[in-house]
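protein.pdb follows; it contains PDB, C-alpha atoms and all ligand atoms.
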ATOM      1  CA  MET A  16      12.917  17.192 -17.438  1.00  0.00           C
ATOM      2  CA  LYS A  17       9.384  18.580 -17.401  1.00  0.00           C
ATOM      3  CA  GLN A  18       6.433  16.572 -18.577  1.00  0.00           C
ATOM      4  CA  THR A  19       2.709  17.272 -18.929  1.00  0.00           C
ATOM      5  CA  ILE A  20       0.543  14.699 -17.221  1.00  0.00           C
ATOM      6  CA  ASP A  21      -3.155  14.157 -16.665  1.00  0.00           C
ATOM      7  CA  LEU A  22      -4.273  12.942 -13.274  1.00  0.00           C
ATOM      8  CA  ASP A  23      -7.748  11.930 -12.128  1.00  0.00           C
ATOM      9  CA  ILE A  24      -7.862  13.207  -8.561  1.00  0.00           C
ATOM     10  CA  ASN A  25     -11.078  12.815  -6.581  1.00  0.00           C
ATOM     11  CA  GLY A  26     -13.060  12.600  -9.817  1.00  0.00           C
ATOM     12  CA  GLU A  27     -11.521  15.736 -11.330  1.00  0.00           C
ATOM     13  CA  ASN A  28      -9.140  15.768 -14.253  1.00  0.00           C
ATOM     14  CA  ARG A  29      -6.009  17.761 -13.421  1.00  0.00           C
ATOM     15  CA  GLN A  30      -3.443  18.582 -16.109  1.00  0.00           C
ATOM     16  CA  LEU A  31      -0.058  19.461 -14.707  1.00  0.00           C
ATOM     17  CA  GLN A  32       3.468  20.245 -15.746  1.00  0.00           C
ATOM     18  CA  ILE A  33       5.789  18.290 -13.505  1.00  0.00           C
ATOM     19  CA  ASP A  34       9.376  17.217 -13.181  1.00  0.00           C
ATOM     20  CA  CYS A  35       9.487  13.511 -14.097  1.00  0.00           C
ATOM     21  CA  HIS A  36      11.054  12.518 -10.796  1.00  0.00           C
ATOM     22  CA  ARG A  37       8.332  14.080  -8.637  1.00  0.00           C
ATOM     23  CA  THR A  38       6.397  11.667  -6.468  1.00  0.00           C
ATOM     24  CA  LEU A  39       2.636  11.605  -6.314  1.00  0.00           C
ATOM     25  CA  LEU A  40       2.906  12.804  -2.716  1.00  0.00           C
ATOM     26  CA  GLN A  41       4.935  15.850  -3.755  1.00  0.00           C
ATOM     27  CA  VAL A  42       2.564  16.685  -6.581  1.00  0.00           C
ATOM     28  CA  LEU A  43      -0.521  16.307  -4.387  1.00  0.00           C
ATOM     29  CA  ARG A  44       0.853  18.465  -1.615  1.00  0.00           C
ATOM     30  CA  ASP A  45       3.054  20.997  -3.375  1.00  0.00           C
ATOM     31  CA  GLN A  46       1.321  21.513  -6.720  1.00  0.00           C
ATOM     32  CA  LEU A  47      -2.309  20.670  -6.040  1.00  0.00           C
ATOM     33  CA  ARG A  48      -2.228  21.899  -2.417  1.00  0.00           C
ATOM     34  CA  LEU A  49      -4.055  18.750  -1.308  1.00  0.00           C
ATOM     35  CA  THR A  50      -2.223  18.760   1.994  1.00  0.00           C
ATOM     36  CA  GLY A  51      -4.505  16.210   3.663  1.00  0.00           C
ATOM     37  CA  THR A  52      -2.113  13.533   2.418  1.00  0.00           C
ATOM     38  CA  LYS A  53       0.706  13.497   4.937  1.00  0.00           C
ATOM     39  CA  GLU A  54       4.414  12.960   4.575  1.00  0.00           C
ATOM     40  CA  GLY A  55       5.756  10.846   7.420  1.00  0.00           C
ATOM     41  CA  CYS A  56       8.808   8.709   6.794  1.00  0.00           C
ATOM     42  CA  ASP A  57       9.037   9.271   3.004  1.00  0.00           C
ATOM     43  CA  THR A  58      10.509   5.762   2.787  1.00  0.00           C
ATOM     44  CA  GLY A  59       7.430   3.531   2.572  1.00  0.00           C
ATOM     45  CA  ASN A  60       7.297   2.533   6.217  1.00  0.00           C
ATOM     46  CA  CYS A  61       4.552   4.516   7.979  1.00  0.00           C
ATOM     47  CA  GLY A  62       1.493   4.649   5.712  1.00  0.00           C
ATOM     48  CA  ALA A  63       0.811   8.343   6.408  1.00  0.00           C
ATOM     49  CA  CYS A  64       0.928   9.106   2.683  1.00  0.00           C
ATOM     50  CA  THR A  65      -1.626   6.423   1.697  1.00  0.00           C
ATOM     51  CA  VAL A  66      -4.061   7.300  -1.093  1.00  0.00           C
ATOM     52  CA  LEU A  67      -6.274   5.051  -3.214  1.00  0.00           C
ATOM     53  CA  ALA A  68      -5.477   4.191  -6.821  1.00  0.00           C
ATOM     54  CA  ASP A  69      -8.380   2.415  -8.529  1.00  0.00           C
ATOM     55  CA  GLY A  70      -9.626   1.543  -5.036  1.00  0.00           C
ATOM     56  CA  LYS A  71      -6.372   0.055  -3.806  1.00  0.00           C
ATOM     57  CA  PRO A  72      -4.188   1.713  -1.171  1.00  0.00           C
ATOM     58  CA  ILE A  73      -0.831   2.906  -2.443  1.00  0.00           C
ATOM     59  CA  LEU A  74       2.012   4.772  -0.802  1.00  0.00           C
ATOM     60  CA  SER A  75       2.192   8.095  -2.582  1.00  0.00           C
ATOM     61  CA  CYS A  76       5.738   8.704  -1.312  1.00  0.00           C
ATOM     62  CA  LEU A  77       6.936   5.680  -3.319  1.00  0.00           C
ATOM     63  CA  THR A  78       4.815   6.339  -6.414  1.00  0.00           C
ATOM     64  CA  LEU A  79       5.965   8.622  -9.189  1.00  0.00           C
ATOM     65  CA  ALA A  80       3.263  11.032 -10.260  1.00  0.00           C
ATOM     66  CA  VAL A  81       3.651   9.818 -13.860  1.00  0.00           C
ATOM     67  CA  GLU A  82       2.761   6.298 -12.684  1.00  0.00           C
ATOM     68  CA  ALA A  83      -0.578   7.565 -11.376  1.00  0.00           C
ATOM     69  CA  GLN A  84      -1.791   8.532 -14.849  1.00  0.00           C
ATOM     70  CA  GLY A  85      -4.812   6.528 -15.999  1.00  0.00           C
ATOM     71  CA  LYS A  86      -5.780   5.615 -12.436  1.00  0.00           C
ATOM     72  CA  LYS A  87      -8.541   7.041 -10.300  1.00  0.00           C
ATOM     73  CA  ILE A  88      -6.786   8.603  -7.332  1.00  0.00           C
ATOM     74  CA  VAL A  89      -8.722   9.301  -4.149  1.00  0.00           C
ATOM     75  CA  THR A  90      -7.243  11.396  -1.360  1.00  0.00           C
ATOM     76  CA  ILE A  91      -8.734  12.263   2.000  1.00  0.00           C
ATOM     77  CA  GLU A  92     -10.197  15.415   0.413  1.00  0.00           C
ATOM     78  CA  GLY A  93     -12.322  13.134  -1.789  1.00  0.00           C
ATOM     79  CA  MET A  94     -13.905  11.134   1.036  1.00  0.00           C
ATOM     80  CA  ALA A  95     -16.695  13.477   2.100  1.00  0.00           C
ATOM     81  CA  ASN A  96     -19.772  13.653  -0.095  1.00  0.00           C
ATOM     82  CA  HIS A  97     -21.340  17.108  -0.552  1.00  0.00           C
ATOM     83  CA  GLY A  98     -20.019  18.213   2.812  1.00  0.00           C
ATOM     84  CA  GLN A  99     -21.152  15.025   4.578  1.00  0.00           C
ATOM     85  CA  LEU A 100     -18.319  13.085   6.169  1.00  0.00           C
ATOM     86  CA  HIS A 101     -17.862   9.497   5.030  1.00  0.00           C
ATOM     87  CA  PRO A 102     -19.038   7.047   7.732  1.00  0.00           C
ATOM     88  CA  ILE A 103     -15.414   6.029   8.355  1.00  0.00           C
ATOM     89  CA  GLN A 104     -14.453   9.646   8.987  1.00  0.00           C
ATOM     90  CA  GLN A 105     -17.431  10.101  11.296  1.00  0.00           C
ATOM     91  CA  ALA A 106     -16.599   6.902  13.175  1.00  0.00           C
ATOM     92  CA  PHE A 107     -13.017   8.072  13.781  1.00  0.00           C
ATOM     93  CA  ILE A 108     -14.419  11.231  15.377  1.00  0.00           C
ATOM     94  CA  ASP A 109     -17.124   9.439  17.349  1.00  0.00           C
ATOM     95  CA  HIS A 110     -14.700   6.867  18.751  1.00  0.00           C
ATOM     96  CA  GLY A 111     -11.887   9.273  19.582  1.00  0.00           C
ATOM     97  CA  ALA A 112      -9.601   7.493  17.113  1.00  0.00           C
ATOM     98  CA  ILE A 113      -7.678  10.705  16.386  1.00  0.00           C
ATOM     99  CA  GLN A 114      -5.089  12.388  18.548  1.00  0.00           C
ATOM    100  CA  CYS A 115      -2.475  14.384  16.642  1.00  0.00           C
ATOM    101  CA  GLY A 116      -4.211  13.361  13.421  1.00  0.00           C
ATOM    102  CA  TYR A 117      -1.057  12.859  11.390  1.00  0.00           C
ATOM    103  CA  CYS A 118      -1.783   9.216  10.587  1.00  0.00           C
ATOM    104  CA  THR A 119      -5.528   9.741  10.196  1.00  0.00           C
ATOM    105  CA  PRO A 120      -5.889  10.429   6.445  1.00  0.00           C
ATOM    106  CA  GLY A 121      -3.841   7.362   5.567  1.00  0.00           C
ATOM    107  CA  MET A 122      -5.700   5.269   8.136  1.00  0.00           C
ATOM    108  CA  ILE A 123      -9.067   6.304   6.755  1.00  0.00           C
ATOM    109  CA  LEU A 124      -8.123   5.538   3.159  1.00  0.00           C
ATOM    110  CA  SER A 125      -6.699   2.137   4.097  1.00  0.00           C
ATOM    111  CA  ALA A 126      -9.861   1.446   6.089  1.00  0.00           C
ATOM    112  CA  ARG A 127     -11.995   2.362   3.106  1.00  0.00           C
ATOM    113  CA  ALA A 128     -10.099  -0.040   0.863  1.00  0.00           C
ATOM    114  CA  LEU A 129     -10.423  -2.738   3.520  1.00  0.00           C
ATOM    115  CA  LEU A 130     -14.194  -2.282   3.917  1.00  0.00           C
ATOM    116  CA  ASP A 131     -14.717  -2.109   0.155  1.00  0.00           C
ATOM    117  CA  ARG A 132     -13.100  -5.515  -0.320  1.00  0.00           C
ATOM    118  CA  ASN A 133     -14.322  -7.025   2.964  1.00  0.00           C
ATOM    119  CA  PRO A 134     -17.510  -5.342   4.236  1.00  0.00           C
ATOM    120  CA  ARG A 135     -17.715  -7.548   7.341  1.00  0.00           C
ATOM    121  CA  PRO A 136     -14.172  -7.844   8.622  1.00  0.00           C
ATOM    122  CA  SER A 137     -13.320  -9.746  11.774  1.00  0.00           C
ATOM    123  CA  LEU A 138     -11.148  -8.101  14.402  1.00  0.00           C
ATOM    124  CA  GLN A 139      -8.143  -9.898  12.942  1.00  0.00           C
ATOM    125  CA  ASP A 140      -9.103  -8.811   9.413  1.00  0.00           C
ATOM    126  CA  VAL A 141      -9.086  -5.189  10.580  1.00  0.00           C
ATOM    127  CA  LYS A 142      -5.704  -5.575  12.259  1.00  0.00           C
ATOM    128  CA  ASP A 143      -4.275  -7.304   9.175  1.00  0.00           C
ATOM    129  CA  GLY A 144      -5.824  -4.753   6.794  1.00  0.00           C
ATOM    130  CA  MET A 145      -4.333  -1.830   8.685  1.00  0.00           C
ATOM    131  CA  TYR A 146      -0.940  -3.441   9.111  1.00  0.00           C
ATOM    132  CA  GLY A 147       0.995  -0.860   7.087  1.00  0.00           C
ATOM    133  CA  ASN A 148      -0.430   2.208   8.827  1.00  0.00           C
ATOM    134  CA  LEU A 149       1.436   3.306  11.927  1.00  0.00           C
ATOM    135  CA  CYS A 150       0.083   5.521  14.693  1.00  0.00           C
ATOM    136  CA  ARG A 151       2.331   7.015  17.359  1.00  0.00           C
ATOM    137  CA  CYS A 152      -0.505   8.290  19.567  1.00  0.00           C
ATOM    138  CA  THR A 153      -3.640   6.207  19.951  1.00  0.00           C
ATOM    139  CA  GLY A 154      -2.471   2.692  20.750  1.00  0.00           C
ATOM    140  CA  TYR A 155      -4.691   1.482  17.868  1.00  0.00           C
ATOM    141  CA  THR A 156      -7.617   0.226  19.999  1.00  0.00           C
ATOM    142  CA  ARG A 157      -9.876   3.155  19.166  1.00  0.00           C
ATOM    143  CA  ILE A 158      -8.892   3.035  15.516  1.00  0.00           C
ATOM    144  CA  VAL A 159      -9.917  -0.613  15.314  1.00  0.00           C
ATOM    145  CA  GLN A 160     -13.171   0.158  17.151  1.00  0.00           C
ATOM    146  CA  ALA A 161     -13.902   3.011  14.752  1.00  0.00           C
ATOM    147  CA  ILE A 162     -13.379   0.795  11.705  1.00  0.00           C
ATOM    148  CA  GLN A 163     -15.639  -1.905  13.139  1.00  0.00           C
ATOM    149  CA  ALA A 164     -18.302   0.714  13.886  1.00  0.00           C
ATOM    150  CA  ALA A 165     -17.986   2.120  10.361  1.00  0.00           C
ATOM    151  CA  ALA A 166     -18.405  -1.388   8.932  1.00  0.00           C
ATOM    152  CA  ALA A 167     -21.614  -1.812  10.938  1.00  0.00           C
ATOM    153  CA  LYS A 168     -22.929   1.609   9.855  1.00  0.00           C
ATOM    154  CA  LEU A 169     -22.157   0.949   6.192  1.00  0.00           C
ATOM    155  CA  ALA A 170     -23.902  -2.441   6.414  1.00  0.00           C
ATOM    156  CA  GLN A 171     -26.910  -0.745   7.999  1.00  0.00           C
ATOM    157  CA  ASP A 172     -26.969   1.900   5.253  1.00  0.00           C
ATOM    158  CA  ARG A 173     -26.843  -0.863   2.610  1.00  0.00           C
ATOM    159  CA  GLY A 174     -29.637  -2.705   4.431  1.00  0.00           C
ATOM    160  CA  THR A 175     -27.523  -5.844   4.797  1.00  0.00           C
TER     161      THR A 175
HETATM  162  S1  LIG B   1       5.407   8.859   4.093  1.00  0.00           S
HETATM  163 FE1  LIG B   1       4.969   7.263   2.732  1.00  0.00          FE
HETATM  164  S2  LIG B   1       5.048   5.457   3.900  1.00  0.00           S
HETATM  165 FE2  LIG B   1       5.683   7.028   5.285  1.00  0.00          FE
HETATM  166  S1  LIG B   2      -3.097  10.120  15.963  1.00  0.00           S
HETATM  167 FE1  LIG B   2      -1.019  10.812  16.089  1.00  0.00          FE
HETATM  168  S2  LIG B   2       0.058   9.414  14.813  1.00  0.00           S
HETATM  169 FE2  LIG B   2      -1.931   8.594  14.907  1.00  0.00          FE
END
Before we go any further, please render this structure as structure tokens.
Amino acid sequence: MKQTIDLDINGENRQLQIDCHRTLLQVLRDQLRLTGTKEGCDTGNCGACTVLADGKPILSCLTLAVEAQGKKIVTIEGMANHGQLHPIQQAFIDHGAIQCGYCTPGMILSARALLDRNPRPSLQDVKDGMYGNLCRCTGYTRIVQAIQAAAAKLAQDRGT
């Protein structure tokens, strides 16, 4: 059955006709062509499909698109500001925290949610906060370093 839904994606209202059973991941990638959000396991185990809903990380492969109505959805395409990479994105590049890149969008969105709720995370806080995001390439050390560096840069930018 088709349904018309309104989604707030990266600050833009998008009205779409969708099949009711379509996941947010499918709608983002296949209908909106926002292919930065990755499909890994499609079973809620890898975190590659992570996006933010009202600032909280959600797994878009386990979320029906209809459930995302009324929430502010942020995908990796919404992280940069007027062409300027978000400090977390820049830190991932600077610290070599990307290899194949498949996990990176989900990692960055989870890191953003973590730093929004805990601007000065300890090493353990970072590890705990990123628990649901798997990476097959990097061994995680550089990812953790990048998130700590981004936290320091954001604190500097805030003047705290
Ligand atoms: S694709 Fe959603 S958790 Fe793996
Ligand atoms: S960089 Fe390849 S899965 Fe993380």
Quick one: residues within 7 Å of region 78-88 of chain A, all atoms listed in the file, excluding same-chain residues fewer than 5 positions away - as a list in words?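 So, after excluding close chain neighbours, the residues are Ile20, Asp21, Leu22, Asp23, Ile24, Asn25, Cys35, His36, Arg37, Thr38, Leu39, Val42, Val66, Leu67, Ala68 and Asp69 of chain A.
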Dump of C-alpha atoms for the selected residues, as a PDB file, keeping the file's coordinate frame:
ATOM      1  CA  ILE A  20       0.543  14.699 -17.221  1.00  0.00           C
ATOM      2  CA  ASP A  21      -3.155  14.157 -16.665  1.00  0.00           C
ATOM      3  CA  LEU A  22      -4.273  12.942 -13.274  1.00  0.00           C
ATOM      4  CA  ASP A  23      -7.748  11.930 -12.128  1.00  0.00           C
ATOM      5  CA  ILE A  24      -7.862  13.207  -8.561  1.00  0.00           C
ATOM      6  CA  ASN A  25     -11.078  12.815  -6.581  1.00  0.00           C
ATOM      7  CA  CYS A  35       9.487  13.511 -14.097  1.00  0.00           C
ATOM      8  CA  HIS A  36      11.054  12.518 -10.796  1.00  0.00           C
ATOM      9  CA  ARG A  37       8.332  14.080  -8.637  1.00  0.00           C
ATOM     10  CA  THR A  38       6.397  11.667  -6.468  1.00  0.00           C
ATOM     11  CA  LEU A  39       2.636  11.605  -6.314  1.00  0.00           C
ATOM     12  CA  VAL A  42       2.564  16.685  -6.581  1.00  0.00           C
ATOM     13  CA  VAL A  66      -4.061   7.300  -1.093  1.00  0.00           C
ATOM     14  CA  LEU A  67      -6.274   5.051  -3.214  1.00  0.00           C
ATOM     15  CA  ALA A  68      -5.477   4.191  -6.821  1.00  0.00           C
ATOM     16  CA  ASP A  69      -8.380   2.415  -8.529  1.00  0.00           C
TER      17      ASP A  69
END
Mind listing as a PDB file with C-alpha atoms, in the frame of the given file all residues within 10 Å of (-1.6, 16.0, -0.4), counting all atoms listed in the file?
ATOM      1  CA  LEU A  39       2.636  11.605  -6.314  1.00  0.00           C
ATOM      2  CA  LEU A  40       2.906  12.804  -2.716  1.00  0.00           C
ATOM      3  CA  GLN A  41       4.935  15.850  -3.755  1.00  0.00           C
ATOM      4  CA  VAL A  42       2.564  16.685  -6.581  1.00  0.00           C
ATOM      5  CA  LEU A  43      -0.521  16.307  -4.387  1.00  0.00           C
ATOM      6  CA  ARG A  44       0.853  18.465  -1.615  1.00  0.00           C
ATOM      7  CA  ASP A  45       3.054  20.997  -3.375  1.00  0.00           C
ATOM      8  CA  GLN A  46       1.321  21.513  -6.720  1.00  0.00           C
ATOM      9  CA  LEU A  47      -2.309  20.670  -6.040  1.00  0.00           C
ATOM     10  CA  ARG A  48      -2.228  21.899  -2.417  1.00  0.00           C
ATOM     11  CA  LEU A  49      -4.055  18.750  -1.308  1.00  0.00           C
ATOM     12  CA  THR A  50      -2.223  18.760   1.994  1.00  0.00           C
ATOM     13  CA  GLY A  51      -4.505  16.210   3.663  1.00  0.00           C
ATOM     14  CA  THR A  52      -2.113  13.533   2.418  1.00  0.00           C
ATOM     15  CA  LYS A  53       0.706  13.497   4.937  1.00  0.00           C
ATOM     16  CA  GLU A  54       4.414  12.960   4.575  1.00  0.00           C
ATOM     17  CA  CYS A  64       0.928   9.106   2.683  1.00  0.00           C
ATOM     18  CA  THR A  65      -1.626   6.423   1.697  1.00  0.00           C
ATOM     19  CA  VAL A  66      -4.061   7.300  -1.093  1.00  0.00           C
ATOM     20  CA  SER A  75       2.192   8.095  -2.582  1.00  0.00           C
ATOM     21  CA  THR A  90      -7.243  11.396  -1.360  1.00  0.00           C
ATOM     22  CA  ILE A  91      -8.734  12.263   2.000  1.00  0.00           C
ATOM     23  CA  GLU A  92     -10.197  15.415   0.413  1.00  0.00           C
ATOM     24  CA  PRO A 120      -5.889  10.429   6.445  1.00  0.00           C
TER      25      PRO A 120
END
Report, as JSON, the axis-aligned box around all atoms of ligand LIG 1 (chain B) present in the file, extended by 4 Å on each side; give centre and edge lengths in Å to one decimal place.
{"center_x": 5.3, "center_y": 7.2, "center_z": 4.0, "size_x": 8.7, "size_y": 11.4, "size_z": 10.6}
Check every protein, DNA and RNA residue against ligand LIG 2 (chain B), keep those with an atom at most 6 Å away (counting only C-alpha atoms and all ligand atoms), and present them as a PDB file with C-alpha atoms, in the coordinates of the input.
ATOM      1  CA  ILE A 113      -7.678  10.705  16.386  1.00  0.00           C
ATOM      2  CA  GLN A 114      -5.089  12.388  18.548  1.00  0.00           C
ATOM      3  CA  CYS A 115      -2.475  14.384  16.642  1.00  0.00           C
ATOM      4  CA  GLY A 116      -4.211  13.361  13.421  1.00  0.00           C
ATOM      5  CA  TYR A 117      -1.057  12.859  11.390  1.00  0.00           C
ATOM      6  CA  CYS A 118      -1.783   9.216  10.587  1.00  0.00           C
ATOM      7  CA  CYS A 150       0.083   5.521  14.693  1.00  0.00           C
ATOM      8  CA  ARG A 151       2.331   7.015  17.359  1.00  0.00           C
ATOM      9  CA  CYS A 152      -0.505   8.290  19.567  1.00  0.00           C
ATOM     10  CA  THR A 153      -3.640   6.207  19.951  1.00  0.00           C
TER      11      THR A 153
END
Using only C-alpha atoms and all ligand atoms, I'd like a table of the residues in chain A that come within 6 Å of ligand LIG 1 (chain B); for each, show the closest atom pair and its distance in Å rounded to one decimal, ordered by chain and ascending number, as JSON lines.
{"residue": "A:Glu54", "atom": "CA", "partner": "B:LIG1", "partner_atom": "S1", "distance": 4.2}
{"residue": "A:Gly55", "atom": "CA", "partner": "B:LIG1", "partner_atom": "S1", "distance": 3.9}
{"residue": "A:Cys56", "atom": "CA", "partner": "B:LIG1", "partner_atom": "FE2", "distance": 3.9}
{"residue": "A:Asp57", "atom": "CA", "partner": "B:LIG1", "partner_atom": "S1", "distance": 3.8}
{"residue": "A:Thr58", "atom": "CA", "partner": "B:LIG1", "partner_atom": "FE2", "distance": 5.6}
{"residue": "A:Gly59", "atom": "CA", "partner": "B:LIG1", "partner_atom": "S2", "distance": 3.3}
{"residue": "A:Asn60", "atom": "CA", "partner": "B:LIG1", "partner_atom": "S2", "distance": 4.4}
{"residue": "A:Cys61", "atom": "CA", "partner": "B:LIG1", "partner_atom": "FE2", "distance": 3.9}
{"residue": "A:Gly62", "atom": "CA", "partner": "B:LIG1", "partner_atom": "S2", "distance": 4.1}
{"residue": "A:Ala63", "atom": "CA", "partner": "B:LIG1", "partner_atom": "FE2", "distance": 5.2}
{"residue": "A:Cys64", "atom": "CA", "partner": "B:LIG1", "partner_atom": "FE1", "distance": 4.4}
{"residue": "A:Leu74", "atom": "CA", "partner": "B:LIG1", "partner_atom": "FE1", "distance": 5.2}
{"residue": "A:Cys76", "atom": "CA", "partner": "B:LIG1", "partner_atom": "FE1", "distance": 4.4}
Evaluate the PyMOL selection byres (((chain A and resi 141-146) around 10) and not hetatm) on the structure here and hand back the selected residues as a compact mmCIF listing (two decimals) with C-alpha atoms, in the frame of the given file.
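Dumped everything to expr-v5.txt:
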# COMPACT_ATOMS: atom_id res chain seq x y z
CA CYS A 61 4.55 4.52 7.98
CA GLY A 62 1.49 4.65 5.71
CA GLY A 121 -3.84 7.36 5.57
CA MET A 122 -5.70 5.27 8.14
CA ILE A 123 -9.07 6.30 6.76
CA LEU A 124 -8.12 5.54 3.16
CA SER A 125 -6.70 2.14 4.10
CA ALA A 126 -9.86 1.45 6.09
CA ALA A 128 -10.10 -0.04 0.86
CA LEU A 129 -10.42 -2.74 3.52
CA LEU A 130 -14.19 -2.28 3.92
CA ASN A 133 -14.32 -7.02 2.96
CA ARG A 135 -17.72 -7.55 7.34
CA PRO A 136 -14.17 -7.84 8.62
CA SER A 137 -13.32 -9.75 11.77
CA LEU A 138 -11.15 -8.10 14.40
CA GLN A 139 -8.14 -9.90 12.94
CA ASP A 140 -9.10 -8.81 9.41
CA GLY A 147 1.00 -0.86 7.09
CA ASN A 148 -0.43 2.21 8.83
CA LEU A 149 1.44 3.31 11.93
CA TYR A 155 -4.69 1.48 17.87
CA THR A 156 -7.62 0.23 20.00
CA ILE A 158 -8.89 3.04 15.52
CA VAL A 159 -9.92 -0.61 15.31
CA GLN A 160 -13.17 0.16 17.15
CA ILE A 162 -13.38 0.80 11.70
CA GLN A 163 -15.64 -1.90 13.14
What is the CA of Gly70 (chain A) to CA of Arg132 (chain A) distance in Å?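 Interatomic distance here is 9.2 Å.
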Top pick for closest residue to Asp131 (chain A), considering A:Gln18, A:Ala164, A:Ile33, A:Pro72 and counting all atoms listed in the file: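 The answer is A:Pro72, which sits nearest to Asp131 (chain A).
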The distance between CA of Gly26 (chain A) and CA of Asn96 (chain A) is 11.9 Å
Mind listing whatever residues come within 7 Å of the point (-16.4, 6.4, 11.9)? Use only C-alpha atoms, file coordinates, and give them as an MDAnalysis selection string. chainID A and resid 102:109 161:162 164:165
Mind dumping the selected residues with C-alpha atoms as a compact mmCIF listing (two decimals), keeping the file's coordinate frame?
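New file out-v5.txt:
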# COMPACT_ATOMS: atom_id res chain seq x y z
CA PRO A 102 -19.04 7.05 7.73
CA ILE A 103 -15.41 6.03 8.36
CA GLN A 104 -14.45 9.65 8.99
CA GLN A 105 -17.43 10.10 11.30
CA ALA A 106 -16.60 6.90 13.18
CA PHE A 107 -13.02 8.07 13.78
CA ILE A 108 -14.42 11.23 15.38
CA ASP A 109 -17.12 9.44 17.35
CA ALA A 161 -13.90 3.01 14.75
CA ILE A 162 -13.38 0.80 11.70
CA ALA A 164 -18.30 0.71 13.89
CA ALA A 165 -17.99 2.12 10.36
Between CA of Arg157 (chain A) and CA of Leu77 (chain A), measure the distance and give it in Å to one decimal.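 Atom-to-atom, CA of Arg157 (chain A) to CA of Leu77 (chain A), that is 28.2 Å.
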